[in-house]
Every structure is written in structure tokens, then in C-alpha cells.
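To keep things clear, I will list the structure first and then write my remarks on it.
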Amino acid sequence: MKGIELARTAGTSTGGPSPRPASVGVTRARRERRAAFWFLLPDTLGLLVFVAVPMVLAIVLGFFRVDGFGSFDFIGIDNYVRMAGDPQFWSSVRITLIYLVAVVPLIFVIGLGLALLVQQKLPFIGLIRSALFVPYVVSLVVVAMVWQFMLADRVGVLSRVLGLLGFENISPLGEPSLALATVIVVTVWFQMGYYMIIFLAGLQDIPGEYYEAARIDGASAWQRLVRITLPLLRPTSFFVLITATVAVMTGGLDLIFVLTGGGPAGATSLLIFYIYEQAFLFGELGYAAAVGSVLVVAMLAWSLAMFALTKGGRFE
């Protein structure tokens, strides 16, 4: 018996497996939580200071009449009552919805199509990817000025080309029936490269073995797209839909300001441009804050609905 005990003692002391103390696991978990806290702290403070606090202040400001010279008069829900009866507000809402319904699907389809294209092994594929992505890194003001020069009546490049083709007296930015469509085209051209890169990243995460197995089974390109690509791209698609919607509803002010100035006849006055007009042209800061609050609530409702319906891109 003594020999057995000595052998066990020797095996333990000479490198045999020993039970891991529970305190080691607890200490490691505590260190990981502490590291996570310090990594998240800068972003959390940034969101609180630059997003959450201004958002709350804007909502509070919507209950005041503010003239921009230090005068704050509490008026309750008068700004919201005024908003409900303002035809210009509802016109901006209608234009924004048309803009949203047109731009987001086009960005989704064109971005995915370009990603499928540049995923192929083509000559100069790196140059093609860069050329498609370059417009997104250029300042939106510069983009708007270039397009305004190209679309200028009679002297613009596009106007001259249309004139040579027999389509004279067409003003893409001067006719209410064409101005919004022109802004939609410029927006899609500007943003499609960014969403191409997002979709390309999602496509590269799909294992190639799935496609090889599908080819062996005789699946066509369309069947591979529908049965493999689209289902496995659901998280990426969800991200694109959320970010594109937010970008369309809150962005575009620079583009509209330079390209059309909200005209002609208010045909391109998006809600974000309407907020800018009320705040900085007419000095109605309280009313502009109320309209901005409605826009923020609408975006939050849309985002929460998307999360609830799709479970963050994980469809049932």
C-alpha cells in the first residue's frame, strides 16, 4: 500500500495532471470583463456625449419656441400641432418616402450585382473594384458640383448629348418631374460602391464547397444564387437594409443643397432639408427640433421592427 501511495505521489509531483483551481477561472473571467469594459468605454462615452445627449436635448427642445438669440419659451406640444397641419411638412414626408422606396432597393440590387461581378476572376479586377468604390470616398459636395456641371441646362455634357440625340429642352434639374429622379440616380451612383464592398465581404465568407457541391448536382447559376447565396447573405442583407435606410433618411443634405437647393418648386425637398430650412433659414429651432425628433423616432421604430421581424438577419 505504501508503494502505491508513493507512486501516486511521485506521478503527481513529476508532471502528472493536477486539478485546476476554481479561482484561476474566476480570475481570468474577471480580467476579461475588465478588458472588455476598458475597450468599450471610449465608444460608449462617445455615443453618450455626441449621440444620446444631443438626441435627448433635441426632443426637449421640441417643446419650446427658440429664436436662436437666447429666448426659450415653453409652448408644450404646439410645435407638433403645427407640424400636423403643415402641408410643406407632409410634402417633404411624401418626397422622402418616394426617395427611400426608390434608393434602398436600387442600392441593394446594384450593390449585390456589382459584388457578384467583381467576385469573378476577371482581368484588372482590382482596378475595377477601385473605380467602383472611388466615388464613395470623394466629398459629397464635390460629387454634387460635378453632377451639377454635367447636368446644367444647354451647357452641361448630358444636355448636349441629349440634344445631339434629338431630346432638346430637357432639364434634369429644372423640371419638377425629373429633378427627384435625377437626385435618386446620383445618390445610387455615389453609394453603390460602398455597399458593393459590404456584399463582397459577405460573399467571401460563404464556403466555396457549397457551390462545388451544387455544380456537381447540376444546379444552375440562378439556383445557386437563390438556394445558397441569398440565404447565407441574410445577415449582410439585414445590415445593408438598416444602414441604407438610415443613410437615406438622414443623409443627402449636402447633395440636395448643392444640386437642387430643394427645388424646383420643392420637388426635392427631403425631410432632412426641410429641417435645415426651418432651423437655419427661418430661425425656427424649436420647430426644427420637433421635426427632427419625429424623424429619429421613425428611424428607431423602423430599426426595432426590422430586428423583431428578422431577428437581426437570422430569418426563421
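All residue names refer to the C-alpha cells as shown: chains lettered A, B, ... in order, residues numbered from 1 in each chain, ligands numbered from 1 in order.
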Got a sec to tell me which of stretch 55-120 of chain A DSSP assigns to strand (DSSP E or B), as a ChimeraX atom specification?
-> /A:64-66,72-74
Let's have the selection written as a short mmCIF file (atom, residue, chain, number, x, y, z; two decimals), in the first residue's frame, with N, CA, C and O atoms.
```cif
data_model
loop_
_atom_site.label_atom_id
_atom_site.label_comp_id
_atom_site.auth_asym_id
_atom_site.auth_seq_id
_atom_site.Cartn_x
_atom_site.Cartn_y
_atom_site.Cartn_z
N PHE A 64 -40.29 73.80 -27.00
CA PHE A 64 -40.01 75.21 -26.76
C PHE A 64 -40.06 75.98 -28.08
O PHE A 64 -39.90 75.41 -29.16
N ARG A 65 -40.30 77.28 -27.95
CA ARG A 65 -40.12 78.19 -29.08
C ARG A 65 -38.77 78.85 -28.90
O ARG A 65 -38.54 79.57 -27.93
N VAL A 66 -37.87 78.64 -29.85
CA VAL A 66 -36.50 79.13 -29.74
C VAL A 66 -36.22 79.99 -30.96
O VAL A 66 -36.44 79.57 -32.11
N PHE A 72 -36.09 81.20 -24.86
CA PHE A 72 -36.70 79.88 -24.76
C PHE A 72 -38.06 80.04 -24.10
O PHE A 72 -38.16 80.42 -22.93
N ASP A 73 -39.11 79.75 -24.87
CA ASP A 73 -40.48 79.85 -24.34
C ASP A 73 -41.13 78.48 -24.44
O ASP A 73 -41.26 77.91 -25.53
N PHE A 74 -41.55 77.96 -23.29
CA PHE A 74 -42.19 76.64 -23.28
C PHE A 74 -43.59 76.76 -23.89
O PHE A 74 -44.41 77.56 -23.44
#
```
Please provide the set of residues having any atom within 12 Å of A:Ser237, restricted to only C-alpha atoms, with same-chain residues fewer than 2 positions apart removed, written as a PDB file with C-alpha atoms, in the first residue's frame.
```pdb
ATOM      1  CA  VAL A 104     -32.806  51.461 -50.989  1.00  0.00           C
ATOM      2  CA  PRO A 105     -33.922  48.664 -53.374  1.00  0.00           C
ATOM      3  CA  ILE A 107     -28.701  50.186 -53.810  1.00  0.00           C
ATOM      4  CA  PHE A 108     -29.413  46.647 -52.640  1.00  0.00           C
ATOM      5  CA  VAL A 109     -29.793  45.143 -56.117  1.00  0.00           C
ATOM      6  CA  GLY A 111     -24.606  46.628 -54.848  1.00  0.00           C
ATOM      7  CA  LEU A 112     -25.213  42.865 -54.810  1.00  0.00           C
ATOM      8  CA  TYR A 195     -22.490  48.519 -50.482  1.00  0.00           C
ATOM      9  CA  MET A 196     -20.664  46.529 -53.167  1.00  0.00           C
ATOM     10  CA  ILE A 198     -20.156  45.119 -47.911  1.00  0.00           C
ATOM     11  CA  PHE A 199     -21.768  42.456 -50.082  1.00  0.00           C
ATOM     12  CA  LEU A 200     -18.369  41.318 -51.357  1.00  0.00           C
ATOM     13  CA  ALA A 201     -17.228  40.714 -47.785  1.00  0.00           C
ATOM     14  CA  GLY A 202     -20.346  38.648 -47.149  1.00  0.00           C
ATOM     15  CA  LEU A 203     -19.850  36.628 -50.343  1.00  0.00           C
ATOM     16  CA  THR A 229     -26.010  32.896 -51.943  1.00  0.00           C
ATOM     17  CA  LEU A 230     -29.116  34.760 -50.819  1.00  0.00           C
ATOM     18  CA  PRO A 231     -29.882  32.584 -47.744  1.00  0.00           C
ATOM     19  CA  LEU A 232     -26.289  32.797 -46.487  1.00  0.00           C
ATOM     20  CA  LEU A 233     -26.205  36.550 -47.137  1.00  0.00           C
ATOM     21  CA  ARG A 234     -29.127  37.257 -44.810  1.00  0.00           C
ATOM     22  CA  PRO A 235     -27.040  38.885 -42.030  1.00  0.00           C
ATOM     23  CA  PHE A 239     -27.041  45.217 -42.292  1.00  0.00           C
ATOM     24  CA  VAL A 240     -27.336  46.786 -45.752  1.00  0.00           C
ATOM     25  CA  LEU A 241     -31.074  47.438 -45.375  1.00  0.00           C
ATOM     26  CA  ILE A 242     -30.651  49.078 -41.950  1.00  0.00           C
ATOM     27  CA  THR A 243     -27.655  51.242 -42.843  1.00  0.00           C
ATOM     28  CA  ALA A 244     -29.006  52.215 -46.269  1.00  0.00           C
ATOM     29  CA  MET A 306     -36.505  45.045 -38.617  1.00  0.00           C
ATOM     30  CA  THR A 310     -35.725  39.203 -38.895  1.00  0.00           C
ATOM     31  CA  GLY A 312     -31.009  40.566 -36.698  1.00  0.00           C
ATOM     32  CA  GLY A 313     -30.847  38.921 -40.098  1.00  0.00           C
ATOM     33  CA  ARG A 314     -31.398  35.383 -38.819  1.00  0.00           C
ATOM     34  CA  PHE A 315     -34.676  34.566 -40.574  1.00  0.00           C
TER      35      PHE A 315
END
```
Can you build me a table of stretch 28-95 of chain A residues sitting at most 7 Å from stretch 278-302 of chain A, with the closest atom pair per residue and its distance in Å to one decimal, using only C-alpha atoms, sorted by chain and residue number, as JSON lines?
```
{"residue": "A:Ala58", "atom": "CA", "partner": "A:Ala289", "partner_atom": "CA", "distance": 5.3}
{"residue": "A:Ile59", "atom": "CA", "partner": "A:Ser293", "partner_atom": "CA", "distance": 5.5}
{"residue": "A:Leu61", "atom": "CA", "partner": "A:Gly286", "partner_atom": "CA", "distance": 5.5}
{"residue": "A:Gly62", "atom": "CA", "partner": "A:Ala290", "partner_atom": "CA", "distance": 4.1}
{"residue": "A:Phe63", "atom": "CA", "partner": "A:Gly286", "partner_atom": "CA", "distance": 6.9}
{"residue": "A:Phe64", "atom": "CA", "partner": "A:Gly286", "partner_atom": "CA", "distance": 5.5}
{"residue": "A:Arg65", "atom": "CA", "partner": "A:Gly286", "partner_atom": "CA", "distance": 5.0}
{"residue": "A:Val66", "atom": "CA", "partner": "A:Gly286", "partner_atom": "CA", "distance": 5.1}
{"residue": "A:Asp67", "atom": "CA", "partner": "A:Gly283", "partner_atom": "CA", "distance": 5.7}
{"residue": "A:Gly68", "atom": "CA", "partner": "A:Gly283", "partner_atom": "CA", "distance": 6.3}
{"residue": "A:Asn79", "atom": "CA", "partner": "A:Tyr287", "partner_atom": "CA", "distance": 5.4}
{"residue": "A:Tyr80", "atom": "CA", "partner": "A:Ala290", "partner_atom": "CA", "distance": 6.6}
```
List every residue of stretch 150-315 of chain A that DSSP, applied to the backbone, labels as helix (DSSP H, G or I), and write the result as a ChimeraX atom specification.
-> /A:150-151,157-164,176-204,208-216,221-232,234-250,253-259,271-281,285-310
Go through A:Tyr274, A:Gly208, A:Pro42, A:Arg31 and flag the residue nearest A:Asp86, using only C-alpha atoms for the distances.
->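 Selected residue with least distance to A:Asp86: A:Tyr274.
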List the neighbours of A:Leu100 out to 10 Å using only C-alpha atoms; skip same-chain residues closer than 6 positions along the sequence, and give me the result as a list in words.
-> Arg94, Leu106, Ile184, Ala244, Thr245, Val246, Ala247, Val248 and Met249 of chain A
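In this comparison, which uses only C-alpha atoms, the residue of A:Leu122, A:Asp254, A:Ala181, A:Val157 approaching A:Ala102 most closely is A:Ala181.
Counting only C-alpha atoms, the residue from A:Gly252, A:Leu309, A:Arg30, A:Ala131 that sits nearest to A:Leu271 is A:Gly252.
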Find the residues around A:Gly261 up to 12 Å (only C-alpha atoms counted), leave out those fewer than 6 positions away in its own chain, and share them as an NGL selection string.
-> :A and (144 or 148 or 173-174 or 179-180 or 183 or 252-255 or 267-270 or 273-274 or 276-277)
